[in-house]
>>> print(open('work_37.cif').read())   # mmCIF, C-alpha atoms and all ligand atoms
data_my_file
loop_
_atom_site.label_atom_id
_atom_site.label_comp_id
_atom_site.auth_asym_id
_atom_site.auth_seq_id
_atom_site.Cartn_x
_atom_site.Cartn_y
_atom_site.Cartn_z
CA MET A 17 97.63 86.22 114.20
CA ARG A 18 94.20 86.26 115.83
CA GLN A 19 93.78 90.05 115.79
CA PRO A 20 92.96 91.57 112.41
CA ILE A 21 95.63 92.56 109.92
CA VAL A 22 95.56 95.89 108.06
CA VAL A 23 97.31 95.98 104.67
CA LEU A 24 98.45 99.45 103.53
CA GLY A 25 98.97 100.18 99.83
CA ALA A 26 96.35 97.51 99.18
CA GLN A 27 95.91 98.51 95.53
CA GLY A 28 99.60 98.30 94.66
CA MET A 29 101.38 95.32 93.09
CA LEU A 30 102.45 93.70 96.37
CA GLY A 31 99.35 94.87 98.26
CA ARG A 32 97.11 93.00 95.86
CA ALA A 33 99.19 89.81 96.21
CA MET A 34 99.06 90.16 100.00
CA LEU A 35 95.26 90.50 100.09
CA ALA A 36 94.92 87.37 97.93
CA GLU A 37 97.26 85.36 100.19
CA LEU A 38 95.45 86.49 103.37
CA LEU A 39 92.13 85.51 101.82
CA ARG A 40 93.52 82.12 100.76
CA ARG A 41 94.67 81.50 104.36
CA ASN A 42 91.39 82.70 105.80
CA LEU A 43 93.12 85.30 108.00
CA ALA A 44 91.04 88.28 109.19
CA HIS A 45 92.24 91.35 107.36
CA ARG A 46 91.32 94.66 105.74
CA GLY A 47 93.00 96.50 102.89
CA ALA A 48 93.54 100.27 103.12
CA SER A 49 94.09 102.26 99.93
CA HIS A 50 96.37 105.28 99.54
CA ALA A 51 93.29 107.51 99.93
CA GLU A 52 92.39 105.89 103.29
CA VAL A 53 95.86 105.74 104.86
CA ASP A 54 98.40 108.18 103.45
CA LEU A 55 101.95 107.79 104.77
CA ALA A 56 102.45 111.51 104.18
CA ARG A 57 99.41 112.32 106.40
CA PRO A 58 99.84 110.75 109.84
CA GLY A 59 96.41 112.21 110.73
CA SER A 60 94.95 109.44 108.53
CA PHE A 61 96.42 106.64 110.68
CA ALA A 62 93.94 106.68 113.61
CA GLN A 63 90.91 105.96 111.43
CA GLY A 64 92.62 103.59 108.96
CA ILE A 65 94.56 101.64 111.60
CA PRO A 66 92.27 101.55 114.65
CA ALA A 67 92.87 100.15 118.13
CA GLY A 68 92.57 96.37 118.11
CA THR A 69 94.70 95.99 114.96
CA GLY A 70 97.15 93.14 115.55
CA THR A 71 99.47 93.54 112.57
CA VAL A 72 100.01 96.23 109.95
CA ILE A 73 101.54 95.07 106.64
CA ASN A 74 102.86 98.15 104.90
CA CYS A 75 102.89 97.55 101.14
CA ALA A 76 102.63 101.32 100.50
CA GLY A 77 105.48 103.48 99.35
CA TRP A 78 106.89 105.97 96.85
CA THR A 79 108.15 103.46 94.26
CA ASN A 80 109.06 105.60 91.23
CA VAL A 81 112.85 105.25 91.39
CA ASP A 82 113.66 107.75 88.64
CA ALA A 83 111.11 110.38 89.74
CA ALA A 84 112.58 110.27 93.26
CA GLU A 85 115.75 111.91 91.88
CA SER A 86 113.88 115.16 91.27
CA HIS A 87 111.39 114.68 94.18
CA GLU A 88 113.61 113.37 96.95
CA GLU A 89 111.86 115.39 99.65
CA GLU A 90 108.44 113.94 98.76
CA ALA A 91 109.87 110.42 98.45
CA THR A 92 111.55 110.77 101.85
CA ARG A 93 108.33 112.13 103.39
CA VAL A 94 106.60 108.87 102.39
CA ASN A 95 109.37 106.22 102.52
CA GLY A 96 111.33 107.75 105.39
CA VAL A 97 109.53 110.08 107.82
CA GLY A 98 106.12 108.49 107.10
CA VAL A 99 107.43 105.05 108.02
CA GLY A 100 108.82 106.40 111.32
CA GLU A 101 105.41 107.94 112.11
CA LEU A 102 103.65 104.72 111.14
CA ALA A 103 105.97 102.76 113.45
CA ALA A 104 105.15 105.17 116.32
CA HIS A 105 101.43 104.66 115.69
CA CYS A 106 101.84 100.87 115.66
CA ARG A 107 103.84 101.03 118.84
CA SER A 108 101.10 103.07 120.55
CA LEU A 109 98.56 100.38 119.58
CA GLY A 110 100.84 97.46 120.44
CA ALA A 111 100.52 96.32 116.80
CA ARG A 112 103.28 94.53 114.92
CA LEU A 113 104.52 96.32 111.79
CA VAL A 114 105.72 94.54 108.65
CA HIS A 115 107.54 96.91 106.31
CA TYR A 116 109.23 96.36 102.92
CA SER A 117 112.52 97.85 101.85
CA THR A 118 114.85 97.35 98.93
CA ASP A 119 118.17 96.06 97.63
CA TYR A 120 118.76 99.71 96.59
CA VAL A 121 119.79 100.59 100.16
CA PHE A 122 123.13 98.96 99.21
CA ALA A 123 125.76 100.46 96.90
CA GLY A 124 125.97 97.41 94.66
CA GLN A 125 129.72 97.00 94.61
CA ALA A 126 129.84 93.69 96.50
CA ASN A 127 130.73 90.36 94.92
CA ALA A 128 128.87 88.15 97.39
CA PRO A 129 125.22 88.36 98.51
CA TYR A 130 124.46 91.24 100.90
CA PRO A 131 123.79 89.98 104.46
CA THR A 132 120.92 91.59 106.37
CA ASP A 133 123.32 93.54 108.62
CA HIS A 134 125.49 94.98 105.85
CA PRO A 135 125.87 98.80 106.22
CA ARG A 136 123.46 100.83 104.12
CA SER A 137 125.03 102.95 101.39
CA PRO A 138 122.40 103.86 98.78
CA LEU A 139 123.34 105.14 95.32
CA ASN A 140 120.15 107.01 94.50
CA ALA A 141 117.40 109.17 96.07
CA TYR A 142 114.88 106.31 96.28
CA GLY A 143 117.46 104.15 98.09
CA ARG A 144 118.24 107.04 100.47
CA SER A 145 114.52 107.55 101.20
CA LYS A 146 114.09 103.82 101.96
CA ALA A 147 117.24 103.84 104.12
CA VAL A 148 115.76 106.67 106.23
CA GLY A 149 112.63 104.55 106.72
CA GLU A 150 114.71 101.53 107.79
CA ARG A 151 116.65 103.61 110.33
CA LEU A 152 113.53 105.24 111.83
CA LEU A 153 111.83 101.84 112.03
CA GLU A 154 114.82 100.36 113.87
CA GLN A 155 114.81 103.29 116.31
CA SER A 156 111.02 103.31 116.84
CA GLY A 157 110.73 100.75 119.61
CA ALA A 158 107.91 99.11 117.60
CA ASP A 159 107.65 95.34 117.17
CA TYR A 160 108.73 95.19 113.52
CA LEU A 161 109.62 92.88 110.68
CA LEU A 162 111.69 94.63 108.00
CA LEU A 163 111.74 92.70 104.73
CA ARG A 164 114.09 93.79 101.96
CA THR A 165 113.17 92.59 98.51
CA SER A 166 114.21 93.21 94.89
CA TRP A 167 112.99 93.19 91.25
CA VAL A 168 109.33 92.61 92.17
CA TYR A 169 106.80 91.48 89.56
CA ALA A 170 103.29 90.03 89.40
CA PRO A 171 100.66 89.17 86.79
CA TRP A 172 99.35 92.72 87.44
CA GLY A 173 100.82 96.16 88.09
CA LYS A 174 103.71 98.02 86.51
CA ASN A 175 106.65 95.65 86.27
CA PHE A 176 109.46 94.35 84.04
CA VAL A 177 107.78 91.03 83.19
CA ARG A 178 104.64 92.66 81.81
CA THR A 179 106.64 95.35 79.99
CA ILE A 180 108.99 92.86 78.30
CA SER A 181 106.13 90.50 77.39
CA LYS A 182 104.31 93.34 75.69
CA LEU A 183 107.39 94.66 73.87
CA ALA A 184 108.34 91.15 72.72
CA ALA A 185 104.99 90.88 70.96
CA GLU A 186 105.49 94.23 69.20
CA ARG A 187 109.18 94.37 68.26
CA PRO A 188 111.67 92.20 66.35
CA SER A 189 114.41 92.81 68.94
CA LEU A 190 115.03 94.29 72.37
CA SER A 191 118.21 95.51 74.08
CA VAL A 192 118.39 94.77 77.80
CA VAL A 193 121.13 95.61 80.28
CA ASN A 194 123.46 92.76 81.13
CA ASP A 195 125.62 94.46 83.78
CA GLN A 196 123.21 94.49 86.74
CA LEU A 197 122.88 91.27 88.71
CA GLY A 198 120.06 90.64 91.19
CA ARG A 199 117.24 88.39 92.33
CA PRO A 200 113.75 88.58 90.78
CA SER A 201 110.89 88.32 93.27
CA SER A 202 107.33 87.26 92.57
CA ALA A 203 104.97 89.43 94.65
CA GLU A 204 102.88 86.35 95.38
CA GLN A 205 105.93 84.54 96.77
CA ILE A 206 106.81 87.60 98.87
CA ALA A 207 103.27 87.52 100.32
CA ARG A 208 103.54 83.81 101.09
CA VAL A 209 106.99 84.12 102.68
CA THR A 210 105.91 87.18 104.71
CA LEU A 211 103.07 85.24 106.33
CA GLU A 212 105.35 82.26 106.97
CA LEU A 213 107.89 84.52 108.68
CA LEU A 214 105.11 86.08 110.79
CA HIS A 215 103.89 82.60 111.68
CA ALA A 216 107.46 81.71 112.71
CA GLN A 217 107.46 84.80 115.03
CA ALA A 218 110.35 86.36 113.07
CA GLN A 219 111.46 89.79 114.28
CA GLY A 220 114.00 92.24 112.85
CA THR A 221 115.42 92.28 109.33
CA PHE A 222 115.15 89.54 106.68
CA HIS A 223 115.67 89.33 102.93
CA VAL A 224 112.88 87.93 100.77
CA SER A 225 113.16 87.14 97.06
CA ASP A 226 112.99 84.13 94.81
CA ASP A 227 116.01 81.84 94.79
CA GLY A 228 118.79 82.16 92.21
CA GLN A 229 120.16 85.24 90.49
CA CYS A 230 120.35 86.72 86.99
CA THR A 231 120.93 89.90 85.02
CA TRP A 232 118.03 91.88 83.55
CA PHE A 233 119.14 90.52 80.14
CA GLU A 234 118.88 86.90 81.36
CA PHE A 235 115.54 87.69 82.99
CA ALA A 236 114.25 89.18 79.70
CA GLN A 237 115.52 86.16 77.73
CA ALA A 238 113.49 83.84 79.98
CA ILE A 239 110.36 86.00 79.57
CA VAL A 240 110.69 86.19 75.78
CA ALA A 241 111.41 82.45 75.46
CA HIS A 242 108.06 81.80 77.10
CA ALA A 243 106.27 84.16 74.70
CA GLY A 244 107.76 82.25 71.71
CA SER A 245 107.41 85.43 69.64
CA GLY A 246 110.73 85.22 67.77
CA CYS A 247 111.83 88.56 69.28
CA ARG A 248 115.64 88.70 69.69
CA VAL A 249 117.01 89.85 73.06
CA GLU A 250 120.37 91.63 72.79
CA PRO A 251 122.63 92.36 75.77
CA CYS A 252 123.72 95.96 76.33
CA SER A 253 125.37 98.01 79.09
CA SER A 254 123.74 100.41 81.58
CA ALA A 255 125.86 103.18 80.00
CA GLN A 256 123.90 102.67 76.76
CA PHE A 257 120.62 103.30 78.63
CA PRO A 258 121.26 106.23 80.99
CA SER A 259 118.44 106.84 83.50
CA PRO A 260 117.96 109.65 86.05
CA ALA A 261 118.71 107.29 88.99
CA ALA A 262 121.92 105.25 89.17
CA ARG A 263 121.29 101.52 89.69
CA PRO A 264 123.53 99.16 91.69
CA SER A 265 125.41 96.71 89.48
CA TYR A 266 125.26 93.94 92.11
CA SER A 267 122.21 93.72 94.33
CA VAL A 268 121.95 90.05 95.26
CA LEU A 269 120.42 89.75 98.75
CA ASP A 270 121.60 87.00 101.10
CA LEU A 271 118.59 84.83 101.91
CA SER A 272 120.18 82.55 104.52
CA ALA A 273 118.43 84.04 107.59
CA THR A 274 115.07 83.58 105.86
CA THR A 275 115.68 80.03 104.63
CA ALA A 276 117.00 79.04 108.07
CA LEU A 277 113.56 79.89 109.49
CA ILE A 278 111.15 78.81 106.80
CA GLY A 279 113.08 76.51 104.42
CA PRO A 280 114.04 76.90 100.75
CA LEU A 281 112.61 79.64 98.55
CA VAL A 282 111.16 79.01 95.10
CA PRO A 283 113.66 79.30 92.17
CA TRP A 284 113.00 82.44 90.12
CA ARG A 285 112.43 80.50 86.89
CA THR A 286 109.66 78.47 88.59
CA SER A 287 107.90 81.61 89.86
CA LEU A 288 108.30 83.31 86.48
CA ALA A 289 106.73 80.38 84.60
CA ASP A 290 103.79 80.42 87.01
CA VAL A 291 103.25 84.19 86.65
CA LEU A 292 103.63 84.14 82.84
CA ARG A 293 100.74 81.68 82.59
CA ARG A 294 98.47 84.20 84.35
CA LEU A 295 99.76 87.53 83.01
CA GLU A 296 97.03 90.17 82.85
CA PRO A 297 96.86 92.24 79.63
CA THR A 298 98.87 95.46 79.78
CA SER A 299 96.62 98.52 79.96
CA PRO A 300 97.97 101.89 78.75
CA ALA A 301 98.35 102.96 82.41
CA ALA A 302 100.63 100.01 83.21
CA ARG A 303 103.07 100.51 80.32
N1 LIG B 401 108.66 97.00 92.76
C1 LIG B 401 109.90 96.62 93.08
O1 LIG B 401 110.68 96.15 92.24
C2 LIG B 401 110.37 96.72 94.52
C3 LIG B 401 111.69 96.34 94.82
C4 LIG B 401 112.12 96.42 96.15
C5 LIG B 401 111.26 96.86 97.13
N2 LIG B 401 110.00 97.25 96.81
C6 LIG B 401 109.13 97.75 97.90
O2 LIG B 401 107.97 96.93 97.97
C7 LIG B 401 106.87 97.71 98.46
C8 LIG B 401 105.67 97.51 97.54
O3 LIG B 401 106.02 97.97 96.24
P1 LIG B 401 105.12 97.70 94.95
O4 LIG B 401 106.06 97.23 93.91
O5 LIG B 401 103.92 96.91 95.29
O6 LIG B 401 104.72 99.19 94.58
P2 LIG B 401 103.43 99.81 93.87
O7 LIG B 401 102.80 98.81 92.97
O8 LIG B 401 103.90 101.11 93.31
O9 LIG B 401 102.45 100.06 95.08
C9 LIG B 401 102.68 101.06 96.02
C10 LIG B 401 101.36 101.45 96.62
O10 LIG B 401 101.63 102.49 97.58
C11 LIG B 401 100.66 103.51 97.38
N3 LIG B 401 101.19 104.78 97.86
C12 LIG B 401 102.03 105.65 97.25
N4 LIG B 401 102.27 106.70 98.04
C13 LIG B 401 101.57 106.49 99.18
C14 LIG B 401 101.38 107.22 100.38
N5 LIG B 401 101.94 108.44 100.56
N6 LIG B 401 100.59 106.72 101.35
C15 LIG B 401 99.97 105.51 101.17
N7 LIG B 401 100.08 104.79 100.04
C16 LIG B 401 100.88 105.27 99.07
C17 LIG B 401 100.37 103.52 95.90
O11 LIG B 401 99.14 104.12 95.66
P3 LIG B 401 98.95 105.09 94.38
O12 LIG B 401 99.25 104.27 93.19
O13 LIG B 401 97.53 105.54 94.52
O14 LIG B 401 99.94 106.21 94.57
C18 LIG B 401 100.35 102.02 95.62
O15 LIG B 401 99.07 101.47 95.87
C19 LIG B 401 107.38 99.16 98.55
O16 LIG B 401 107.80 99.41 99.87
C20 LIG B 401 108.61 99.14 97.64
O17 LIG B 401 109.55 100.13 98.01
C21 LIG B 401 109.52 97.17 95.54
#
>>> encode(input="work_37.cif", output="structure tokens")
Amino acid sequence: MRQPIVVLGAQGMLGRAMLAELLRRNLAHRGASHAEVDLARPGSFAQGIPAGTGTVINCAGWTNVDAAESHEEEATRVNGVGVGELAAHCRSLGARLVHYSTDYVFAGQANAPYPTDHPRSPLNAYGRSKAVGERLLEQSGADYLLLRTSWVYAPWGKNFVRTISKLAAERPSLSVVNDQLGRPSSAEQIARVTLELLHAQAQGTFHVSDDGQCTWFEFAQAIVAHAGSGCRVEPCSSAQFPSPAARPSYSVLDLSATTALIGPLVPWRTSLADVLRRLEPTSPAAR
């Protein structure tokens, strides 16, 4: 990775983790904000991703799962068509493109971890928009690395860990769904694993998350136990908390292709403990 790396969505949760990891490894890079490179405005690519760029790491995307239900066209413009146009731009430069997708491209009815080549069958508009992006990337002819991840959190940004930590300090009890099973993923671990996969010359589709699996209820229990606030966590069903977008009940990603290349991934409880020690205070905007 001698040519410079451009990170898109640099101010998002994963983008910020990626910039920190690139800095730590002393790799030449530049972050581009939404204002500089807009996936819905391919005219912004030439200036933000100039000739000479070696790798583009796309941490940008439409990530509001519930809002995508009523704005599917806009979500698809960014997560679908925009990704295809980005891949075409990277191809024209001879740059490698790293792109992130989601467990939500699968229907969630499996009872064993989803392998990387399992057929896509999304349940909601966000999943459909990401599936369009995956397909256009595969068809683009670009040199790409497609990394599906799930349940992402960090000491910063809008995420479940910060929300539950804050609520646990304010409330005597919380109800959390216990009928969706998945894999939490620390954004900092995703950044680390991404660069290890690039270093290993990985190409194509891989799954990246922390090791192990849990329900949102079990995840919340672990967060609250760390806070030591005395808040009770009660299990409930998804039917008790209807949301605009349907969520898959089983979205465990098979990590074997990734671990075969770069070795074992960090257990989710280890990552969580590390992040909880460094949690940034929740601002009103991140609630
Ligand atoms: N969070 C999760 O649990 C999760 C799970 C699976 C996969 N992923 C994937 O992981 C990637 C990173 O997600 P994240 O959690 O870091 O999301 P995030 O914190 O919401 O960051 C997304 C970034 O993309 C930017 N953005 C939005 N629309 C854009 C556009 N049209 N052009 C350029 N930038 C745009 C946002 O900027 P503004 O804030 O200014 O709009 C923000 O900086 C995404 O591809 C997401 O689909 C996330």
>>> axis_aligned_box(input="work_37.cif", around="ligand LIG 401 (chain B)", padding_each_side="8 Å", output="AutoDock Vina command-line options")
--center_x 104.8 --center_y 102.3 --center_z 96.8 --size_x 30.6 --size_y 28.3 --size_z 25.1
>>> closest_residue(input="work_37.cif", among="A:Gln27, A:Gln237, A:Ser267, A:Ser254", to="ligand LIG 401 (chain B)", atoms="only C-alpha atoms and all ligand atoms")
A:Gln27
>>> residues_around(input="work_37.cif", residues="Ala84 of chain A", least_positions_apart="6", cutoff="7 Å", atoms="all atoms listed in the file", output="list in words")
Ala91, Ala141 and Tyr142 of chain A
>>> write_last_selection(input="work_37.cif", atoms="C-alpha atoms", output="mmCIF file, in the coordinates of the input")
data_model
loop_
_atom_site.group_PDB
_atom_site.id
_atom_site.type_symbol
_atom_site.label_atom_id
_atom_site.label_comp_id
_atom_site.auth_asym_id
_atom_site.auth_seq_id
_atom_site.Cartn_x
_atom_site.Cartn_y
_atom_site.Cartn_z
ATOM 1 C CA ALA A 91 109.870 110.420 98.450
ATOM 2 C CA ALA A 141 117.400 109.170 96.070
ATOM 3 C CA TYR A 142 114.880 106.310 96.280
#
>>> closest_residue(input="work_37.cif", among="A:Val209, A:Val224, A:Leu153, A:Ala126", to="Val168 of chain A", atoms="all atoms listed in the file")
A:Val224
>>> residues_near_ligand(input="work_37.cif", ligand="ligand LIG 401 (chain B)", cutoff="7 Å", atoms="all atoms listed in the file", output="MDAnalysis selection string")
chainID A and resid 24:31 49:50 53:56 75:79 94 115:119 164:169 173:175
>>> residues_around(input="work_37.cif", residues="Val23 of chain A", least_positions_apart="4", cutoff="12 Å", atoms="only C-alpha atoms", output="mmCIF file with C-alpha atoms, in the frame of the given file")
data_model
loop_
_atom_site.group_PDB
_atom_site.id
_atom_site.type_symbol
_atom_site.label_atom_id
_atom_site.label_comp_id
_atom_site.auth_asym_id
_atom_site.auth_seq_id
_atom_site.Cartn_x
_atom_site.Cartn_y
_atom_site.Cartn_z
ATOM 1 C CA GLN A 27 95.910 98.510 95.530
ATOM 2 C CA GLY A 28 99.600 98.300 94.660
ATOM 3 C CA LEU A 30 102.450 93.700 96.370
ATOM 4 C CA GLY A 31 99.350 94.870 98.260
ATOM 5 C CA ARG A 32 97.110 93.000 95.860
ATOM 6 C CA ALA A 33 99.190 89.810 96.210
ATOM 7 C CA MET A 34 99.060 90.160 100.000
ATOM 8 C CA LEU A 35 95.260 90.500 100.090
ATOM 9 C CA ALA A 36 94.920 87.370 97.930
ATOM 10 C CA GLU A 37 97.260 85.360 100.190
ATOM 11 C CA LEU A 38 95.450 86.490 103.370
ATOM 12 C CA LEU A 43 93.120 85.300 108.000
ATOM 13 C CA ALA A 44 91.040 88.280 109.190
ATOM 14 C CA HIS A 45 92.240 91.350 107.360
ATOM 15 C CA ARG A 46 91.320 94.660 105.740
ATOM 16 C CA GLY A 47 93.000 96.500 102.890
ATOM 17 C CA ALA A 48 93.540 100.270 103.120
ATOM 18 C CA SER A 49 94.090 102.260 99.930
ATOM 19 C CA HIS A 50 96.370 105.280 99.540
ATOM 20 C CA GLU A 52 92.390 105.890 103.290
ATOM 21 C CA VAL A 53 95.860 105.740 104.860
ATOM 22 C CA GLY A 64 92.620 103.590 108.960
ATOM 23 C CA ILE A 65 94.560 101.640 111.600
ATOM 24 C CA THR A 69 94.700 95.990 114.960
ATOM 25 C CA GLY A 70 97.150 93.140 115.550
ATOM 26 C CA THR A 71 99.470 93.540 112.570
ATOM 27 C CA VAL A 72 100.010 96.230 109.950
ATOM 28 C CA ILE A 73 101.540 95.070 106.640
ATOM 29 C CA ASN A 74 102.860 98.150 104.900
ATOM 30 C CA CYS A 75 102.890 97.550 101.140
ATOM 31 C CA ALA A 76 102.630 101.320 100.500
ATOM 32 C CA ARG A 112 103.280 94.530 114.920
ATOM 33 C CA LEU A 113 104.520 96.320 111.790
ATOM 34 C CA VAL A 114 105.720 94.540 108.650
ATOM 35 C CA HIS A 115 107.540 96.910 106.310
ATOM 36 C CA ALA A 207 103.270 87.520 100.320
#
>>> atom_distance(input="work_37.cif", atom1="atom CA of Pro264 of chain A", atom2="atom CA of Glu85 of chain A")
14.9 Å
